[in-house]
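*Asks:* File protein25.txt follows (compact mmCIF, C-alpha atoms):
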# COMPACT_ATOMS: atom_id res chain seq x y z
CA MET A 120 18.33 -79.52 -243.29
CA LYS A 121 15.19 -80.26 -241.23
CA LEU A 122 15.97 -83.97 -241.33
CA ARG A 123 19.51 -83.31 -240.06
CA ARG A 124 18.19 -81.19 -237.16
CA ALA A 125 15.61 -83.82 -236.24
CA SER A 126 18.31 -86.49 -236.38
CA LEU A 127 20.62 -84.44 -234.13
CA LEU A 128 17.80 -83.75 -231.69
CA LEU A 129 16.84 -87.43 -231.52
CA GLY A 130 20.49 -88.40 -231.05
CA GLY A 131 20.85 -85.86 -228.26
CA LEU A 132 17.74 -87.12 -226.50
CA LEU A 133 18.90 -90.72 -226.73
CA LEU A 134 22.36 -89.83 -225.45
CA GLY A 135 20.86 -87.76 -222.64
CA GLY A 136 18.66 -90.67 -221.65
CA LEU A 137 21.62 -93.05 -221.67
CA LEU A 138 23.69 -90.67 -219.54
CA LEU A 139 20.90 -90.12 -217.02
CA ALA A 140 19.84 -93.76 -216.75
CA PRO A 141 22.96 -94.94 -214.87
CA ALA A 142 22.55 -92.14 -212.29
CA ALA A 143 18.95 -93.15 -211.67
CA ALA A 144 19.95 -96.81 -211.45
CA ARG A 145 22.70 -96.00 -208.96
CA ALA A 146 20.31 -94.03 -206.77
CA GLU A 147 17.95 -97.00 -206.64
CA GLY A 148 20.80 -99.16 -205.32
CA VAL A 149 21.99 -96.77 -202.60
CA ALA A 150 20.62 -97.80 -199.21
CA GLU A 151 19.59 -95.32 -196.55
CA PRO A 152 22.14 -95.35 -193.73
CA GLU A 153 20.87 -95.61 -190.17
CA GLY A 154 22.56 -92.38 -189.18
CA TYR A 155 23.83 -89.44 -191.15
CA ARG A 156 26.23 -89.74 -194.07
CA GLY A 157 29.75 -88.52 -193.42
CA GLY A 158 32.45 -87.84 -195.98
CA ASN A 159 32.20 -88.11 -199.75
CA TYR A 160 29.10 -85.92 -199.67
CA ARG A 161 29.05 -85.53 -203.48
CA SER A 162 28.03 -89.04 -204.45
CA PRO A 163 24.79 -90.82 -205.38
CA THR A 164 22.11 -90.63 -202.72
CA PRO A 165 19.26 -93.02 -201.88
CA ALA A 166 15.98 -92.71 -203.75
CA THR A 167 14.16 -92.48 -200.41
CA LEU A 168 14.30 -90.81 -197.02
CA ARG A 169 12.17 -92.46 -194.33
CA GLY A 170 9.61 -89.99 -192.98
CA ALA A 171 10.03 -87.49 -195.82
CA ARG A 172 8.34 -87.03 -199.15
CA VAL A 173 10.80 -87.19 -202.07
CA LEU A 174 10.12 -84.59 -204.77
CA SER A 175 10.85 -84.74 -208.48
CA THR A 176 11.57 -81.45 -210.23
CA GLU A 177 7.95 -81.33 -211.41
CA ASP A 178 6.73 -81.90 -207.83
CA ALA A 179 9.11 -79.25 -206.45
CA GLU A 180 7.97 -76.75 -209.08
CA ALA A 181 4.30 -77.36 -208.22
CA VAL A 182 4.98 -76.89 -204.50
CA TRP A 183 7.05 -73.77 -205.23
CA LYS A 184 4.28 -72.29 -207.38
CA SER A 185 1.69 -73.03 -204.65
CA ARG A 186 3.73 -71.00 -202.12
CA ASN A 187 2.68 -73.50 -199.46
CA ALA A 188 6.18 -74.47 -198.35
CA ILE A 189 9.43 -73.02 -197.12
CA PHE A 190 12.33 -73.93 -199.41
CA LEU A 191 15.62 -74.46 -197.56
CA ASP A 192 18.93 -74.55 -199.39
CA VAL A 193 21.56 -76.27 -197.24
CA LEU A 194 24.56 -76.12 -199.57
CA PRO A 195 27.72 -75.46 -197.52
CA ARG A 196 29.28 -72.02 -197.73
CA ALA A 197 32.83 -72.05 -199.05
CA PRO A 198 35.20 -70.69 -196.39
CA ARG A 199 37.80 -68.05 -197.16
CA PRO A 200 40.97 -69.97 -198.11
CA ALA A 201 43.34 -70.05 -195.14
CA ASN A 202 46.46 -69.60 -197.28
CA LEU A 203 45.51 -66.20 -198.73
CA PRO A 204 48.12 -63.55 -197.96
CA PRO A 205 46.96 -60.74 -195.64
CA GLY A 206 45.18 -57.96 -197.51
CA THR A 207 44.14 -60.24 -200.39
CA ILE A 208 40.65 -59.51 -201.62
CA TRP A 209 38.58 -62.68 -201.71
CA ARG A 210 35.21 -62.92 -203.36
CA GLU A 211 33.16 -65.96 -202.59
CA LYS A 212 31.40 -67.72 -205.43
CA PRO A 213 27.80 -66.50 -205.72
CA ARG A 214 25.10 -69.04 -204.85
CA ARG A 215 22.08 -69.15 -207.11
CA ASN A 216 19.13 -70.98 -205.64
CA ILE A 217 15.40 -71.44 -206.08
CA PRO A 218 13.72 -68.02 -205.75
CA GLY A 219 12.34 -67.35 -202.28
CA SER A 220 14.55 -69.98 -200.65
CA VAL A 221 16.29 -69.52 -197.35
CA TRP A 222 19.96 -70.52 -197.40
CA LEU A 223 21.03 -72.26 -194.19
CA PRO A 224 24.56 -73.36 -195.09
CA ASP A 225 26.59 -76.05 -193.37
CA THR A 226 23.58 -77.74 -191.77
CA GLY A 227 23.90 -80.99 -193.73
CA TYR A 228 27.14 -82.40 -192.39
CA GLU A 229 27.19 -85.73 -190.56
CA ALA A 230 27.85 -84.07 -187.21
CA LEU A 231 27.06 -80.47 -186.38
CA ALA A 232 28.83 -78.29 -183.86
CA VAL A 233 26.49 -76.99 -181.15
CA PRO A 234 26.38 -73.46 -182.63
CA THR A 235 25.49 -74.85 -186.08
CA GLU A 236 22.78 -77.10 -184.65
CA ASN A 237 21.38 -74.11 -182.71
CA TYR A 238 21.53 -72.03 -185.92
CA LEU A 239 19.43 -74.66 -187.71
CA ARG A 240 17.00 -75.12 -184.81
CA ASN A 241 16.51 -71.37 -184.24
CA ASN A 242 16.03 -70.56 -187.92
CA LEU A 243 13.52 -73.38 -188.36
CA ALA A 244 11.52 -72.08 -185.39
CA ARG A 245 11.69 -68.51 -186.74
CA LEU A 246 10.73 -69.48 -190.31
CA THR A 247 7.84 -71.75 -189.32
CA GLY A 248 6.59 -69.62 -186.43
CA GLY A 249 6.95 -72.76 -184.31
CA ASP A 250 4.55 -74.73 -186.53
CA LYS A 251 6.27 -78.10 -186.91
CA THR A 252 3.64 -79.17 -189.45
CA ARG A 253 4.62 -76.42 -191.92
CA MET A 254 5.92 -77.92 -195.17
CA LEU A 255 9.70 -77.66 -195.58
CA VAL A 256 11.46 -78.49 -198.86
CA ILE A 257 15.15 -79.30 -198.33
CA TYR A 258 17.67 -79.25 -201.18
CA CYS A 259 21.19 -78.37 -202.33
CA LEU A 260 22.68 -80.04 -205.45
CA ARG A 261 22.12 -83.34 -207.26
CA ASP A 262 24.06 -86.27 -205.76
CA CYS A 263 24.72 -84.39 -202.54
CA TRP A 264 24.21 -85.93 -199.14
CA MET A 265 24.00 -82.51 -197.47
CA SER A 266 20.30 -82.16 -198.28
CA TRP A 267 19.59 -85.78 -197.31
CA ASN A 268 21.34 -85.33 -193.95
CA ALA A 269 19.66 -81.97 -193.28
CA ALA A 270 16.20 -83.32 -194.11
CA LYS A 271 16.79 -86.32 -191.83
CA ARG A 272 17.99 -84.00 -189.05
CA ILE A 273 14.94 -81.75 -189.46
CA LEU A 274 12.70 -84.81 -189.13
CA ALA A 275 14.60 -85.73 -185.94
CA LEU A 276 13.87 -82.22 -184.61
CA GLY A 277 10.17 -83.07 -184.77
CA TYR A 278 9.13 -81.46 -188.06
CA SER A 279 6.54 -83.70 -189.66
CA ASN A 280 6.01 -82.23 -193.14
CA VAL A 281 9.48 -82.55 -194.66
CA ALA A 282 10.07 -82.92 -198.38
CA TRP A 283 13.47 -83.71 -199.86
CA TYR A 284 14.30 -82.47 -203.35
CA PRO A 285 17.37 -84.56 -204.29
CA ASP A 286 18.03 -82.94 -207.69
CA GLY A 287 18.33 -79.51 -206.07
CA THR A 288 19.45 -76.54 -208.11
CA ASP A 289 20.98 -78.84 -210.74
CA GLY A 290 17.60 -80.36 -211.55
CA TRP A 291 15.89 -76.98 -211.28
CA GLU A 292 18.32 -75.39 -213.72
CA ASP A 293 18.13 -78.39 -216.10
CA ALA A 294 14.36 -77.79 -216.27
CA LEU A 295 15.06 -74.15 -217.22
CA LEU A 296 13.37 -72.88 -214.06
CA PRO A 297 14.48 -69.56 -212.56
CA LEU A 298 17.32 -69.20 -210.11
CA GLU A 299 18.31 -66.12 -208.14
CA GLU A 300 21.43 -65.07 -206.32
CA SER A 301 21.23 -65.77 -202.61
CA ARG A 302 22.99 -64.87 -199.40
CA PRO A 303 23.12 -67.17 -196.37
CA VAL A 304 21.18 -66.33 -193.24
CA PRO A 305 23.73 -64.75 -190.88
CA PRO A 306 24.57 -66.75 -187.74
CA ASP A 307 22.91 -64.23 -185.39
CA GLU A 308 19.44 -64.39 -187.01
Rewrite the coordinates I just gave you, this time as structure tokens.
*Replies:*
Amino acid sequence: MKLRRASLLLGGLLLGGLLLAPAAARAEGVAEPEGYRGGNYRSPTPATLRGARVLSTEDAEAVWKSRNAIFLDVLPRAPRPANLPPGTIWREKPRRNIPGSVWLPDTGYEALAVPTENYLRNNLARLTGGDKTRMLVIYCLRDCWMSWNAAKRILALGYSNVAWYPDGTDGWEDALLPLEESRPVPPDE
């Protein structure tokens, strides 16, 4: 029985390694675009982001435990479906993110409307107290360009201590780290 369990465990580890290896190989081959990525946001991302530190899950956990950074979740917020009949109750899907994170949805698209850019700019200033050297960790999901775009945009806004966590809540959850339900920062904050 013990031999069978050990054999199953080893097989699972090997299979897991084989499944993860192509994703890592793809990321290595994805070049950083000059601008922001538009469309097909859920696809392999580059392994780098010029000007930012790229964090592994272990790195992100260490930074999170140190409490020396502001974690920003930039996953888009799903809009209420336009085709719902009047009076229909709609419940948006809950977002679970890294505990203590601030959720600034919709700030990772290729182009931002002026109100969304102001939302990002104002919340960054509020959260950092105007200190553009404060460490910011940007994430959403694995293989999602939203966090890459948002981190690049935050660098362009003059923030100098930007870290990008490309595995996001997927990597965090895979490592069995805690997640908590989150609400986005309202537009007027």
*Asks:* As a ChimeraX atom specification, please: the residues near segment 166-180 of chain A (cut-off 10 Å, all atoms listed in the file, same-chain neighbours under 6 positions excluded).
*Replies:* /A:143-152,186,188,190,217,255-258,267-268,270-271,273-275,278-294,296
*Asks:* In terms of the shortest atom-to-atom distance over only C-alpha atoms, which of A:Pro163, A:Cys259, A:Leu295, A:Pro234 is closest to Ser220 of chain A?
*Replies:*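 Comparing A:Pro163, A:Cys259, A:Leu295, A:Pro234 against Ser220 of chain A, the winner is A:Cys259.
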*Asks:* Select, from A:Asn202, A:Asn216, A:Asn237, A:Asn159, the residue with the minimum atom-to-atom distance to Pro297 of chain A, counting only C-alpha atoms.
*Replies:*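 Comparing A:Asn202, A:Asn216, A:Asn237, A:Asn159 against Pro297 of chain A, the winner is A:Asn216.
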*Asks:* Have a look at atom CA of Gly227 of chain A and atom CA of Ala269 of chain A and let me know their distance in Å, one decimal.
*Replies:*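 Those two atoms sit 4.4 Å apart.
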*Asks:* Just the number, please: distance in Å from atom CA of Cys263 of chain A to atom CA of Tyr160 of chain A, one decimal.
*Replies:*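 If I compute the distance from atom CA of Cys263 of chain A to atom CA of Tyr160 of chain A, I get 5.5 Å.
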*Asks:* Can you measure atom CA of Asp250 of chain A to atom CA of Tyr238 of chain A for me? One decimal in Å is fine.
*Replies:*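 Computing the Euclidean distance for atom CA of Asp250 of chain A and atom CA of Tyr238 of chain A yields 17.2 Å.
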*Asks:* Tell me, as a PyMOL selection string, which residues lie within 7 Å of Asp262 of chain A, counting all atoms listed in the file; anything in the same chain fewer than 5 positions away does not count.
*Replies:* chain A and resi 161-164
*Asks:* Please identify all polymer residues within 9 Å of Asn187 of chain A, counting only C-alpha atoms, omitting same-chain residues fewer than 4 positions from it, and present them as a PyMOL selection string.
*Replies:* chain A and resi 182-183+253-254
*Asks:* Atoms are missing here; could segment 232-266 of chain A be completed with N, CA and C atoms and written as a PDB file, keeping the file's coordinate frame?
*Replies:*
ATOM      1  N   ALA A 232      28.393 -78.940-185.091  1.00  0.00           N
ATOM      2  CA  ALA A 232      28.830 -78.290-183.860  1.00  0.00           C
ATOM      3  C   ALA A 232      27.591 -77.694-183.189  1.00  0.00           C
ATOM      4  N   VAL A 233      27.641 -77.517-181.890  1.00  0.00           N
ATOM      5  CA  VAL A 233      26.490 -76.990-181.150  1.00  0.00           C
ATOM      6  C   VAL A 233      25.996 -75.659-181.738  1.00  0.00           C
ATOM      7  N   PRO A 234      26.890 -74.721-182.053  1.00  0.00           N
ATOM      8  CA  PRO A 234      26.380 -73.460-182.630  1.00  0.00           C
ATOM      9  C   PRO A 234      25.660 -73.669-183.977  1.00  0.00           C
ATOM     10  N   THR A 235      26.130 -74.599-184.789  1.00  0.00           N
ATOM     11  CA  THR A 235      25.490 -74.850-186.080  1.00  0.00           C
ATOM     12  C   THR A 235      24.139 -75.528-185.884  1.00  0.00           C
ATOM     13  N   GLU A 236      24.066 -76.455-184.936  1.00  0.00           N
ATOM     14  CA  GLU A 236      22.780 -77.100-184.650  1.00  0.00           C
ATOM     15  C   GLU A 236      21.788 -76.069-184.106  1.00  0.00           C
ATOM     16  N   ASN A 237      22.246 -75.173-183.234  1.00  0.00           N
ATOM     17  CA  ASN A 237      21.380 -74.110-182.710  1.00  0.00           C
ATOM     18  C   ASN A 237      20.938 -73.170-183.831  1.00  0.00           C
ATOM     19  N   TYR A 238      21.841 -72.870-184.753  1.00  0.00           N
ATOM     20  CA  TYR A 238      21.530 -72.030-185.920  1.00  0.00           C
ATOM     21  C   TYR A 238      20.389 -72.658-186.720  1.00  0.00           C
ATOM     22  N   LEU A 239      20.486 -73.953-186.982  1.00  0.00           N
ATOM     23  CA  LEU A 239      19.430 -74.660-187.710  1.00  0.00           C
ATOM     24  C   LEU A 239      18.128 -74.635-186.916  1.00  0.00           C
ATOM     25  N   ARG A 240      18.195 -75.039-185.658  1.00  0.00           N
ATOM     26  CA  ARG A 240      17.000 -75.120-184.810  1.00  0.00           C
ATOM     27  C   ARG A 240      16.307 -73.755-184.691  1.00  0.00           C
ATOM     28  N   ASN A 241      17.090 -72.707-184.424  1.00  0.00           N
ATOM     29  CA  ASN A 241      16.510 -71.370-184.240  1.00  0.00           C
ATOM     30  C   ASN A 241      15.901 -70.828-185.529  1.00  0.00           C
ATOM     31  N   ASN A 242      16.575 -71.059-186.656  1.00  0.00           N
ATOM     32  CA  ASN A 242      16.030 -70.560-187.920  1.00  0.00           C
ATOM     33  C   ASN A 242      14.778 -71.333-188.327  1.00  0.00           C
ATOM     34  N   LEU A 243      14.736 -72.614-188.075  1.00  0.00           N
ATOM     35  CA  LEU A 243      13.520 -73.380-188.360  1.00  0.00           C
ATOM     36  C   LEU A 243      12.348 -72.848-187.539  1.00  0.00           C
ATOM     37  N   ALA A 244      12.581 -72.606-186.258  1.00  0.00           N
ATOM     38  CA  ALA A 244      11.520 -72.080-185.390  1.00  0.00           C
ATOM     39  C   ALA A 244      11.063 -70.701-185.876  1.00  0.00           C
ATOM     40  N   ARG A 245      12.020 -69.861-186.259  1.00  0.00           N
ATOM     41  CA  ARG A 245      11.690 -68.510-186.740  1.00  0.00           C
ATOM     42  C   ARG A 245      10.899 -68.587-188.045  1.00  0.00           C
ATOM     43  N   LEU A 246      11.361 -69.392-188.991  1.00  0.00           N
ATOM     44  CA  LEU A 246      10.730 -69.480-190.310  1.00  0.00           C
ATOM     45  C   LEU A 246       9.332 -70.089-190.260  1.00  0.00           C
ATOM     46  N   THR A 247       9.127 -71.056-189.396  1.00  0.00           N
ATOM     47  CA  THR A 247       7.840 -71.750-189.320  1.00  0.00           C
ATOM     48  C   THR A 247       6.910 -71.130-188.279  1.00  0.00           C
ATOM     49  N   GLY A 248       7.410 -70.175-187.509  1.00  0.00           N
ATOM     50  CA  GLY A 248       6.590 -69.620-186.430  1.00  0.00           C
ATOM     51  C   GLY A 248       6.280 -70.660-185.381  1.00  0.00           C
ATOM     52  N   GLY A 249       7.145 -71.686-185.279  1.00  0.00           N
ATOM     53  CA  GLY A 249       6.950 -72.760-184.310  1.00  0.00           C
ATOM     54  C   GLY A 249       5.998 -73.853-184.780  1.00  0.00           C
ATOM     55  N   ASP A 250       5.472 -73.734-185.986  1.00  0.00           N
ATOM     56  CA  ASP A 250       4.550 -74.730-186.530  1.00  0.00           C
ATOM     57  C   ASP A 250       5.341 -75.871-187.160  1.00  0.00           C
ATOM     58  N   LYS A 251       5.471 -76.967-186.421  1.00  0.00           N
ATOM     59  CA  LYS A 251       6.270 -78.100-186.910  1.00  0.00           C
ATOM     60  C   LYS A 251       5.553 -78.916-187.976  1.00  0.00           C
ATOM     61  N   THR A 252       4.345 -78.507-188.357  1.00  0.00           N
ATOM     62  CA  THR A 252       3.640 -79.170-189.450  1.00  0.00           C
ATOM     63  C   THR A 252       3.773 -78.381-190.760  1.00  0.00           C
ATOM     64  N   ARG A 253       4.419 -77.243-190.716  1.00  0.00           N
ATOM     65  CA  ARG A 253       4.620 -76.420-191.920  1.00  0.00           C
ATOM     66  C   ARG A 253       5.497 -77.182-192.907  1.00  0.00           C
ATOM     67  N   MET A 254       5.141 -77.172-194.182  1.00  0.00           N
ATOM     68  CA  MET A 254       5.920 -77.920-195.170  1.00  0.00           C
ATOM     69  C   MET A 254       7.268 -77.258-195.401  1.00  0.00           C
ATOM     70  N   LEU A 255       8.324 -78.090-195.342  1.00  0.00           N
ATOM     71  CA  LEU A 255       9.700 -77.660-195.580  1.00  0.00           C
ATOM     72  C   LEU A 255      10.266 -78.476-196.724  1.00  0.00           C
ATOM     73  N   VAL A 256      10.830 -77.811-197.724  1.00  0.00           N
ATOM     74  CA  VAL A 256      11.460 -78.490-198.860  1.00  0.00           C
ATOM     75  C   VAL A 256      12.962 -78.272-198.731  1.00  0.00           C
ATOM     76  N   ILE A 257      13.708 -79.362-198.574  1.00  0.00           N
ATOM     77  CA  ILE A 257      15.150 -79.300-198.330  1.00  0.00           C
ATOM     78  C   ILE A 257      15.891 -79.718-199.598  1.00  0.00           C
ATOM     79  N   TYR A 258      16.906 -78.930-199.979  1.00  0.00           N
ATOM     80  CA  TYR A 258      17.670 -79.250-201.180  1.00  0.00           C
ATOM     81  C   TYR A 258      19.060 -78.634-201.118  1.00  0.00           C
ATOM     82  N   CYS A 259      19.920 -79.060-202.029  1.00  0.00           N
ATOM     83  CA  CYS A 259      21.190 -78.370-202.330  1.00  0.00           C
ATOM     84  C   CYS A 259      21.514 -78.654-203.787  1.00  0.00           C
ATOM     85  N   LEU A 260      22.319 -79.674-204.078  1.00  0.00           N
ATOM     86  CA  LEU A 260      22.680 -80.040-205.450  1.00  0.00           C
ATOM     87  C   LEU A 260      22.309 -81.504-205.682  1.00  0.00           C
ATOM     88  N   ARG A 261      22.345 -81.934-206.937  1.00  0.00           N
ATOM     89  CA  ARG A 261      22.120 -83.340-207.260  1.00  0.00           C
ATOM     90  C   ARG A 261      23.299 -84.160-206.726  1.00  0.00           C
ATOM     91  N   ASP A 262      23.018 -85.380-206.293  1.00  0.00           N
ATOM     92  CA  ASP A 262      24.060 -86.270-205.760  1.00  0.00           C
ATOM     93  C   ASP A 262      24.833 -85.609-204.632  1.00  0.00           C
ATOM     94  N   CYS A 263      24.100 -85.044-203.697  1.00  0.00           N
ATOM     95  CA  CYS A 263      24.720 -84.390-202.540  1.00  0.00           C
ATOM     96  C   CYS A 263      24.005 -84.825-201.278  1.00  0.00           C
ATOM     97  N   TRP A 264      24.764 -85.426-200.392  1.00  0.00           N
ATOM     98  CA  TRP A 264      24.210 -85.930-199.140  1.00  0.00           C
ATOM     99  C   TRP A 264      23.861 -84.824-198.146  1.00  0.00           C
ATOM    100  N   MET A 265      24.301 -83.608-198.399  1.00  0.00           N
ATOM    101  CA  MET A 265      24.000 -82.510-197.470  1.00  0.00           C
ATOM    102  C   MET A 265      22.500 -82.335-197.293  1.00  0.00           C
ATOM    103  N   SER A 266      21.751 -82.355-198.394  1.00  0.00           N
ATOM    104  CA  SER A 266      20.300 -82.160-198.280  1.00  0.00           C
ATOM    105  C   SER A 266      19.643 -83.376-197.630  1.00  0.00           C
TER     106      SER A 266
END
